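Enquirer: So here's final.cif (mmCIF, C-alpha atoms).
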data_run
loop_
_atom_site.label_atom_id
_atom_site.label_comp_id
_atom_site.auth_asym_id
_atom_site.auth_seq_id
_atom_site.Cartn_x
_atom_site.Cartn_y
_atom_site.Cartn_z
CA SER A 298 0.00 0.00 0.00
CA LEU A 299 1.03 3.64 -0.25
CA MET A 300 1.89 3.88 3.44
CA SER A 301 3.54 0.55 4.15
CA GLY A 302 7.31 0.34 4.28
CA THR A 303 7.56 4.10 4.63
CA ARG A 304 10.45 5.77 6.42
CA THR A 305 10.49 9.33 7.74
CA TYR A 306 13.36 11.48 8.91
CA GLY A 307 13.44 14.71 10.93
CA MET A 308 15.92 17.58 10.70
CA GLN A 309 16.81 20.03 13.45
CA ALA A 310 17.90 23.64 13.18
CA ALA A 311 20.29 23.70 16.15
CA LEU A 312 20.75 19.93 16.13
CA LEU A 313 20.44 18.32 12.74
CA VAL A 314 18.96 14.84 13.15
CA PHE A 315 17.10 12.19 11.22
CA PHE A 316 14.35 10.11 12.82
CA VAL A 317 13.94 6.78 11.09
CA SER A 318 10.45 5.38 11.43
CA CYS A 319 7.76 3.34 9.70
CA LEU A 320 4.51 5.27 9.26
CA GLN A 321 1.31 3.42 8.52
CA VAL A 322 -2.31 4.53 8.50
CA GLN A 323 -2.77 2.68 11.79
CA GLY A 324 0.16 3.36 14.08
CA GLN A 325 3.82 4.29 13.92
CA GLU A 326 7.09 2.54 14.69
CA THR A 327 10.09 4.71 15.55
CA ASN A 328 13.83 4.10 15.81
CA ALA A 329 16.70 6.17 17.17
CA PRO A 330 17.54 9.65 15.82
CA ARG A 331 20.48 10.12 13.46
CA ILE A 332 22.69 13.14 14.07
CA LEU A 333 24.22 14.98 11.10
CA ALA A 334 25.52 18.14 12.79
CA ASP A 335 26.10 18.95 16.43
CA SER A 336 24.29 21.64 18.42
CA ALA A 337 27.22 24.06 18.25
CA HIS A 338 26.25 24.74 14.64
CA ALA A 339 23.28 26.61 13.20
CA SER A 340 21.73 24.64 10.34
CA TRP A 341 18.72 25.72 8.29
CA HIS A 342 17.24 26.08 4.75
CA ALA A 343 17.08 22.30 4.26
CA VAL A 344 15.95 20.86 0.91
CA LEU A 345 15.49 17.37 -0.51
CA ALA A 346 16.02 16.04 -4.04
CA ASP A 347 15.39 12.48 -5.23
CA ASP A 348 15.85 10.39 -8.38
CA ASP A 349 12.53 8.56 -7.80
CA SER A 350 14.28 5.24 -7.18
CA GLN A 351 17.15 4.95 -4.70
CA HIS A 352 18.94 8.24 -3.96
CA ILE A 353 17.76 11.20 -1.88
CA LEU A 354 20.01 14.22 -1.46
CA CYS A 355 19.64 16.51 1.55
CA ALA A 356 21.30 19.94 1.38
CA TRP A 357 21.24 22.80 3.88
CA SER A 358 22.98 26.00 5.03
CA GLN A 359 25.26 25.62 8.03
CA ARG A 360 27.19 28.22 9.99
CA ASP A 361 30.43 27.03 11.59
CA VAL A 362 33.99 28.27 12.16
CA HIS A 363 34.51 28.37 8.38
CA GLY A 364 31.54 30.68 7.77
CA THR A 365 28.11 29.92 6.33
CA ARG A 366 28.38 27.16 3.74
CA ILE A 367 26.21 24.61 1.97
CA HIS A 368 26.42 21.09 3.41
CA ALA A 369 24.83 17.92 2.06
CA ALA A 370 24.29 14.21 2.72
CA MET A 371 23.21 11.42 0.38
CA LEU A 372 20.50 9.17 1.84
CA HIS A 373 19.11 5.78 0.85
CA PRO A 374 15.87 3.99 1.84
CA GLY A 375 16.51 1.70 4.80
CA GLN A 376 19.77 3.40 5.71
CA ARG A 377 20.43 3.27 9.46
CA THR A 378 24.15 4.06 9.77
CA GLY A 379 26.94 5.62 7.75
CA ILE A 380 25.13 8.88 6.99
CA ARG A 381 27.95 11.29 6.12
CA SER A 382 27.58 15.04 5.63
CA VAL A 383 30.10 17.06 3.63
CA PRO A 384 30.58 20.79 2.95
CA LEU A 385 29.92 21.64 -0.69
CA SER A 386 30.45 25.37 -1.12
CA ARG A 387 33.40 27.69 -0.60
CA PRO A 388 32.24 31.25 0.13
CA GLY A 389 34.83 33.99 -0.20
CA PRO A 390 35.65 36.71 2.34
CA GLY A 391 32.60 38.73 3.33
CA CYS A 392 30.21 36.23 1.71
CA GLU A 393 27.68 33.65 2.90
CA ASP A 394 26.19 30.72 1.01
CA LEU A 395 22.48 30.30 1.80
CA ARG A 396 19.23 28.71 0.60
CA PRO A 397 20.37 25.71 -1.45
CA ALA A 398 18.33 23.95 -4.10
CA ALA A 399 19.28 20.68 -5.74
CA VAL A 400 18.42 18.06 -8.36
CA LEU A 401 19.74 14.55 -8.85
CA LEU A 402 20.85 13.90 -12.43
CA ASP A 403 22.12 10.90 -14.39
CA ASP A 404 25.67 10.98 -13.05
CA GLY A 405 25.36 12.94 -9.82
CA ALA A 406 23.85 16.13 -8.45
CA LEU A 407 23.44 19.75 -9.44
CA VAL A 408 23.41 22.01 -6.36
CA VAL A 409 22.69 25.75 -6.52
CA TRP A 410 22.60 28.36 -3.79
CA GLN A 411 22.33 32.05 -3.00
CA ASN A 412 25.77 33.61 -2.57
CA SER A 413 25.27 36.76 -0.47
CA CYS A 414 28.15 39.24 -0.32
CA THR A 415 28.55 42.85 0.70
CA ASP A 416 28.26 43.98 -2.94
CA GLY A 417 25.17 41.94 -3.86
CA ARG A 418 23.59 38.52 -4.15
CA GLN A 419 23.97 35.99 -6.96
CA ILE A 420 22.99 32.40 -7.78
CA LEU A 421 25.88 29.93 -8.04
CA ALA A 422 25.81 26.32 -9.25
CA ALA A 423 28.20 23.36 -9.07
CA ARG A 424 28.11 19.68 -10.08
CA PHE A 425 28.91 16.74 -7.79
CA ASP A 426 28.97 12.97 -8.20
CA HIS A 427 26.81 10.60 -6.13
CA ALA A 428 29.54 10.49 -3.48
CA LEU A 429 29.30 14.32 -3.33
CA ARG A 430 32.77 14.78 -4.81
CA ARG A 431 33.02 18.04 -6.73
CA LEU A 432 32.95 17.76 -10.55
CA SER A 433 33.06 21.47 -11.45
CA ASP A 434 33.94 24.91 -10.23
CA ASP A 435 31.20 27.27 -9.08
CA VAL A 436 29.32 28.80 -12.02
CA ARG A 437 27.34 32.02 -11.76
CA ILE A 438 23.98 31.56 -13.50
CA SER A 439 22.24 34.83 -12.57
CA GLY A 440 22.84 38.24 -14.10
CA GLY A 441 22.81 41.60 -12.38
CA ALA A 442 23.78 42.26 -8.78
CA ASN A 443 20.75 41.04 -6.91
CA ALA A 444 19.40 37.51 -7.41
CA LEU A 445 18.10 35.31 -4.62
CA MET A 446 15.79 32.49 -3.46
CA PRO A 447 16.67 29.71 -5.95
CA ALA A 448 14.49 26.66 -6.58
CA ALA A 449 15.24 23.63 -8.74
CA GLY A 450 13.57 20.61 -10.29
CA ARG A 451 14.06 17.94 -12.95
CA ARG A 452 11.73 16.34 -15.49
CA SER A 453 11.34 12.87 -16.88
CA ALA A 454 13.57 13.63 -19.90
CA GLY A 455 16.48 13.93 -17.44
CA ASP A 456 17.24 17.64 -17.72
CA ALA A 457 16.69 20.25 -14.98
CA VAL A 458 15.68 23.85 -14.37
CA VAL A 459 16.76 26.41 -11.78
CA ALA A 460 14.49 29.38 -11.08
CA TRP A 461 15.09 32.40 -8.87
CA GLN A 462 13.90 35.89 -7.92
CA ASP A 463 15.80 38.41 -10.07
CA TYR A 464 15.99 42.21 -9.63
CA ARG A 465 17.77 43.21 -12.84
CA SER A 466 14.71 45.18 -14.03
CA GLY A 467 14.47 47.10 -10.75
CA GLU A 468 11.51 45.00 -9.54
CA PRO A 469 11.61 41.30 -8.64
CA ASP A 470 10.89 38.99 -11.59
CA ILE A 471 11.15 35.21 -12.01
CA HIS A 472 14.02 33.97 -14.17
CA ALA A 473 14.85 30.37 -15.07
CA GLN A 474 17.83 28.54 -16.53
CA ARG A 475 17.67 25.08 -18.13
CA PHE A 476 20.42 22.51 -17.45
CA SER A 477 21.24 19.35 -19.37
CA SER A 478 21.09 15.87 -17.80
CA SER A 479 24.83 16.29 -17.15
CA GLY A 480 24.27 19.49 -15.18
CA LEU A 481 25.53 21.94 -17.84
CA ALA A 482 23.69 25.22 -18.50
CA VAL A 483 21.82 25.25 -21.83
CA GLY A 484 21.01 28.59 -23.45
CA GLU A 485 20.42 31.79 -21.51
CA PRO A 486 18.17 32.59 -18.53
CA VAL A 487 14.53 33.25 -19.45
CA ARG A 488 12.06 35.62 -17.78
CA ILE A 489 9.00 33.58 -16.74
CA ASN A 490 6.42 36.14 -15.55
CA ASP A 491 4.64 37.81 -18.47
CA ASP A 492 3.39 41.01 -16.81
CA ALA A 493 4.56 44.44 -18.01
CA PHE A 494 7.34 44.87 -15.38
CA ARG A 495 5.12 46.91 -13.04
CA ALA A 496 4.31 44.07 -10.62
CA MET A 497 6.42 42.16 -8.13
CA GLN A 498 7.00 38.41 -8.06
CA GLY A 499 7.90 36.47 -4.91
CA PRO A 500 10.20 33.48 -4.48
CA PRO A 501 9.51 30.75 -7.07
CA ARG A 502 8.96 27.04 -6.62
CA VAL A 503 9.53 24.33 -9.23
CA GLY A 504 6.99 21.53 -9.36
CA ALA A 505 8.07 18.05 -8.34
CA ASP A 506 8.05 15.18 -10.88
CA ASN A 507 7.89 17.36 -13.99
CA ARG A 508 6.96 15.49 -17.16
CA GLY A 509 6.59 17.21 -20.55
CA ASP A 510 7.33 20.75 -19.37
CA PHE A 511 8.66 22.21 -16.15
CA VAL A 512 5.97 23.76 -13.94
CA LEU A 513 6.86 26.92 -12.00
CA LEU A 514 4.80 28.61 -9.27
CA TRP A 515 5.25 31.94 -7.47
CA PRO A 516 3.50 34.74 -5.50
CA ASP A 517 2.53 37.70 -7.69
CA ASN A 518 0.84 41.08 -7.05
CA ARG A 519 0.02 42.12 -10.65
CA ASP A 520 -3.13 44.06 -11.63
CA ASP A 521 -4.44 45.07 -8.20
CA GLY A 522 -1.44 45.04 -5.83
CA MET A 523 -2.84 42.04 -3.95
CA TRP A 524 -0.74 38.89 -3.65
CA LYS A 525 -1.89 35.83 -5.62
CA PHE A 526 -0.30 32.64 -6.93
CA TYR A 527 0.57 32.28 -10.60
CA THR A 528 1.96 29.31 -12.52
CA ALA A 529 3.57 28.84 -15.93
CA ARG A 530 4.96 25.98 -17.96
CA PHE A 531 8.55 26.20 -19.21
CA ASP A 532 9.76 23.93 -22.02
CA GLY A 533 13.40 24.83 -21.44
CA VAL A 534 13.40 27.56 -24.10
CA ALA A 535 10.35 29.75 -23.51
CA ALA A 536 7.70 30.22 -20.84
CA GLY A 537 4.03 29.58 -21.50
CA PRO A 538 1.19 31.92 -20.55
CA ASN A 539 0.97 32.74 -16.85
CA MET A 540 -2.14 31.23 -15.20
CA LEU A 541 -3.79 32.36 -11.97
CA VAL A 542 -3.85 29.51 -9.43
CA ASP A 543 -5.61 31.24 -6.55
CA SER A 544 -6.29 34.74 -5.24
CA ALA A 545 -7.59 34.13 -1.72
CA GLN A 546 -7.00 36.76 0.94
CA ARG A 547 -3.90 37.71 2.92
CA LYS A 548 -1.16 36.17 0.87
CA ALA A 549 2.23 37.89 0.84
CA MET A 550 5.42 37.88 -1.21
CA THR A 551 6.94 35.46 1.29
CA THR A 552 3.98 33.02 1.27
CA LEU A 553 5.40 29.89 -0.35
CA ALA A 554 3.28 27.43 -2.30
CA ALA A 555 4.00 23.96 -3.69
CA ALA A 556 3.29 22.04 -6.89
CA VAL A 557 3.62 18.49 -8.21
CA THR A 558 2.85 17.36 -11.76
CA LEU A 559 0.96 14.17 -12.55
CA ARG A 560 0.15 12.10 -15.61
CA GLY A 561 -2.19 13.42 -18.25
CA ASP A 562 -0.76 16.95 -18.23
CA SER A 563 -2.23 17.67 -14.80
CA ALA A 564 -0.81 19.13 -11.61
CA VAL A 565 -1.62 19.67 -7.94
CA PHE A 566 -0.99 23.01 -6.20
CA ALA A 567 -1.11 23.68 -2.44
CA TRP A 568 -0.62 26.74 -0.24
CA LYS A 569 -1.36 28.45 3.09
CA ASP A 570 -4.76 30.16 2.93
CA TYR A 571 -6.71 32.60 5.17
CA ARG A 572 -10.20 32.36 3.66
CA SER A 573 -11.58 30.97 6.95
CA GLY A 574 -10.07 33.77 9.04
CA HIS A 575 -7.01 31.75 10.06
CA SER A 576 -4.35 29.88 8.11
CA ASP A 577 -5.27 26.49 6.65
CA ILE A 578 -3.74 24.37 3.90
CA TYR A 579 -5.67 24.34 0.63
CA LEU A 580 -5.10 22.24 -2.47
CA ARG A 581 -6.24 22.56 -6.07
CA ARG A 582 -5.90 20.26 -9.08
CA ALA A 583 -5.38 21.64 -12.58
CA ASP A 584 -5.54 20.51 -16.18
CA LEU A 585 -2.50 22.34 -17.52
CA ALA A 586 -3.28 21.72 -21.20
CA ARG A 587 -6.72 23.33 -20.88
CA GLY A 588 -5.75 25.86 -18.24
CA SER A 589 -8.66 24.76 -16.05
CA PHE A 590 -8.67 24.35 -12.27
CA ALA A 591 -10.83 22.19 -10.01
CA PRO A 592 -12.41 23.70 -6.86
CA THR A 593 -10.14 24.24 -3.87
CA VAL A 594 -10.07 21.61 -1.11
CA ARG A 595 -8.99 22.13 2.50
CA VAL A 596 -6.29 19.62 3.46
CA ASN A 597 -5.99 19.92 7.25
CA ASP A 598 -8.89 18.13 8.99
CA ASP A 599 -8.75 19.76 12.43
CA ARG A 600 -11.60 21.94 13.71
CA THR A 601 -9.48 24.49 15.53
CA ASP A 602 -8.48 28.03 14.56
CA ARG A 603 -4.77 27.20 14.89
CA TRP A 604 -2.26 27.79 12.11
CA GLN A 605 -1.08 25.52 9.34
CA ARG A 606 1.72 26.69 7.04
CA LEU A 607 4.65 25.88 4.70
CA VAL A 608 3.12 22.98 2.78
CA VAL A 609 5.24 20.81 0.44
CA LEU A 610 4.20 18.14 -2.09
CA ASP A 611 5.64 15.13 -3.88
CA SER A 612 4.31 12.03 -5.68
CA ASP A 613 5.37 8.48 -6.50
CA GLY A 614 4.91 8.98 -10.24
CA HIS A 615 1.78 6.80 -10.23
CA GLY A 616 -0.62 9.53 -9.08
CA ASN A 617 -0.32 9.08 -5.30
CA VAL A 618 0.56 12.41 -3.65
CA ILE A 619 1.88 13.36 -0.20
CA ALA A 620 1.18 16.81 1.29
CA CYS A 621 3.21 17.77 4.39
CA TRP A 622 3.12 20.95 6.47
CA GLU A 623 3.73 22.71 9.80
CA ASP A 624 0.69 22.27 12.05
CA TYR A 625 -0.22 24.02 15.33
CA ARG A 626 -3.55 22.32 16.18
CA ASN A 627 -2.11 20.89 19.40
CA THR A 628 -0.76 24.21 20.71
CA GLU A 629 -2.23 27.11 22.67
CA ARG A 630 -0.55 30.08 20.92
CA ASN A 631 0.49 28.78 17.50
CA GLN A 632 4.01 28.14 18.72
CA GLN A 633 6.05 24.93 19.05
CA GLY A 634 3.90 22.79 16.80
CA ASP A 635 4.05 19.50 14.91
CA ILE A 636 4.59 18.16 11.41
CA TYR A 637 1.53 16.62 9.74
CA LEU A 638 0.94 14.94 6.40
CA GLN A 639 -1.93 13.75 4.22
CA PRO A 640 -1.73 11.07 1.50
CA PHE A 641 -3.93 11.36 -1.62
CA ALA A 642 -4.89 8.61 -4.06
CA PRO A 643 -4.64 9.07 -7.86
CA ASP A 644 -8.32 10.04 -8.04
CA GLY A 645 -7.69 12.91 -5.63
CA MET A 646 -9.41 11.28 -2.66
CA THR A 647 -7.67 11.34 0.71
CA ILE A 648 -6.19 8.12 2.08
CA GLY A 649 -7.26 8.18 5.74
CA GLY A 650 -6.98 11.35 7.78
CA ASN A 651 -4.14 13.71 8.66
CA ILE A 652 -1.15 11.96 10.23
CA ARG A 653 1.20 13.46 12.80
CA VAL A 654 4.74 12.66 11.67
CA ASN A 655 6.83 13.51 14.75
CA ASP A 656 6.64 10.81 17.43
CA ARG A 657 7.45 13.13 20.34
CA THR A 658 4.57 15.17 21.77
CA ASP A 659 6.54 17.71 23.82
CA ARG A 660 6.10 21.35 22.82
CA ILE A 661 9.30 22.26 20.95
CA PRO A 662 9.64 24.12 17.63
CA ARG A 663 9.25 21.91 14.53
CA LYS A 664 9.46 23.87 11.30
CA MET A 665 9.97 23.94 7.53
CA PRO A 666 9.23 20.34 6.49
CA GLN A 667 10.42 18.80 3.24
CA VAL A 668 9.21 15.60 1.57
CA ALA A 669 10.65 13.25 -1.07
CA MET A 670 8.62 10.32 -2.44
CA LEU A 671 9.98 7.42 -4.49
CA ARG A 672 8.29 5.23 -7.11
CA ASP A 673 7.72 2.35 -4.67
CA GLY A 674 5.68 4.59 -2.33
CA THR A 675 8.51 5.05 0.16
CA TYR A 676 8.81 8.65 1.25
CA LEU A 677 11.05 10.71 3.48
CA VAL A 678 9.93 13.63 5.66
CA LEU A 679 12.48 16.07 7.02
CA TRP A 680 12.10 19.09 9.29
CA HIS A 681 13.98 21.57 11.47
CA GLN A 682 13.53 20.98 15.20
#
Written as structure tokens, how would this file's structure read?
Expert:
Amino acid sequence: SLMSGTRTYGMQAALLVFFVSCLQVQGQETNAPRILADSAHASWHAVLADDDSQHILCAWSQRDVHGTRIHAAMLHPGQRTGIRSVPLSRPGPGCEDLRPAAVLLDDGALVVWQNSCTDGRQILAARFDHALRRLSDDVRISGGANALMPAAGRRSAGDAVVAWQDYRSGEPDIHAQRFSSSGLAVGEPVRINDDAFRAMQGPPRVGADNRGDFVLLWPDNRDDGMWKFYTARFDGVAAGPNMLVDSAQRKAMTTLAAAVTLRGDSAVFAWKDYRSGHSDIYLRRADLARGSFAPTVRVNDDRTDRWQRLVVLDSDGHGNVIACWEDYRNTERNQQGDIYLQPFAPDGMTIGGNIRVNDRTDRIPRKMPQVAMLRDGTYLVLWHQ
């Protein structure tokens, strides 16, 4: 079944750990935590990338005596020992490397990050093999002096895209760069948003499990100054028409959404939403070829007015989808919450109810989850704690 044989991991901000457990619809079995970085370090901005079969890459920002660098570890389903983290980036004097994004390619990994220096911010990229040995020097892929918040994804053809927030026009736009299956840049960066340069675009996200085209998603305040979510397809050369995903109230530039593409030229989008007077997680399916969207569906099944936020999505390639988010239903003041998830079947129906991922029930901060799902239904959940 979708849930059997599943393993989840947790990630901490001050103490970076992985919890290995087996989640099922009825009950949970938990093993010992796995430590990747000790509590003397500050670790954050964690991301996951998978090849749908056997490799999952975890990358994050970590501050230590050498500065703020990008670190990473390669993970495998069933792995209990031998998890090794390595530093990947080499920031220069007066610079920090933050907010990584990554994709797994045919012969290794492409890792990108925001390089923040006193004279501006840029997006850098480098290639690594599956043992995380460096295969290239750092390559600057952004133009101008102010580019930030990268996101990355691959598609079934094997190539990849990196998208970021770019200020070369004076206002933030979304730019994207295609990479080959070997991790080499192809062509020039392309502007994705099709407004007339008078609006602002927030940090982009790249859909998981892209098929024919890449799917990009971002916050956008065009037309009326109110923040909405827009999406566009990108074939690696040009962007398609921008489509409105949702315009519910009280979004902001920093409100991050998620997307995953499915068979039949369809996709699922999810985001934090205030239409009920407090933040919930909503989801919407779309037919990308027709540009049509199904009605929105609330994902969290609690009956409280507590917060839910920072949802992420992935699928097994067969239509089963996992949504995972921060959840504060068990708290008094929307602080020190839990990580919850919800599985969906290919027909869009939920599989059971919401599931609490973390096995501990003490009130400590648990934030910024990530999820990676493989073709056999195994998935990994990671969070800062």
Enquirer: Can you work out which one of A:His681, A:His373, A:Arg581, A:Arg660 has the shortest atom-to-atom distance to A:His352, counting only C-alpha atoms?
Expert: A:His373
Enquirer: Could you check how far atom CA of A:Thr675 sits from atom CA of A:Ser382, in Å to one decimal?
Expert: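 Between atom CA of A:Thr675 and atom CA of A:Ser382 the gap is 22.2 Å.
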Enquirer: Looking at all atoms listed in the file, which of A:Ala536, A:Ile578, A:Met497, A:Ala369 is the one that sits closest to A:Ala356?
Expert: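 Selected residue with least distance to A:Ala356: A:Ala369.
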Enquirer: So which one's closest to A:Ile420, A:Ser386, A:Asn597, A:Asn443, A:Ser576? Using only C-alpha atoms, please.
Expert: A:Asn443
Enquirer: Starting from the PyMOL selection byres ((chain A and resi 470-472) around 8), expand the selection into actual residues of this file and give them as a list of chain:residue names.
Expert: A:Ala460, A:Trp461, A:Gln462, A:Asp463, A:Tyr464, A:Ser466, A:Glu468, A:Pro469, A:Ala473, A:Gln474, A:Pro486, A:Val487, A:Arg488, A:Ile489, A:Asn490, A:Phe494, A:Met497, A:Gln498, A:Gly499, A:Pro500, A:Pro501
Enquirer: Separation of atom CA of A:Thr552 and atom CA of A:Arg672, in Å?
Expert: 29.3 Å
Enquirer: So which one's closest to A:Ala442, A:His427, A:Arg465, A:Arg653, A:Arg508? Using all atoms listed in the file, please.
Expert: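 That would be A:Arg465, the residue with the smallest distance to A:Ala442.
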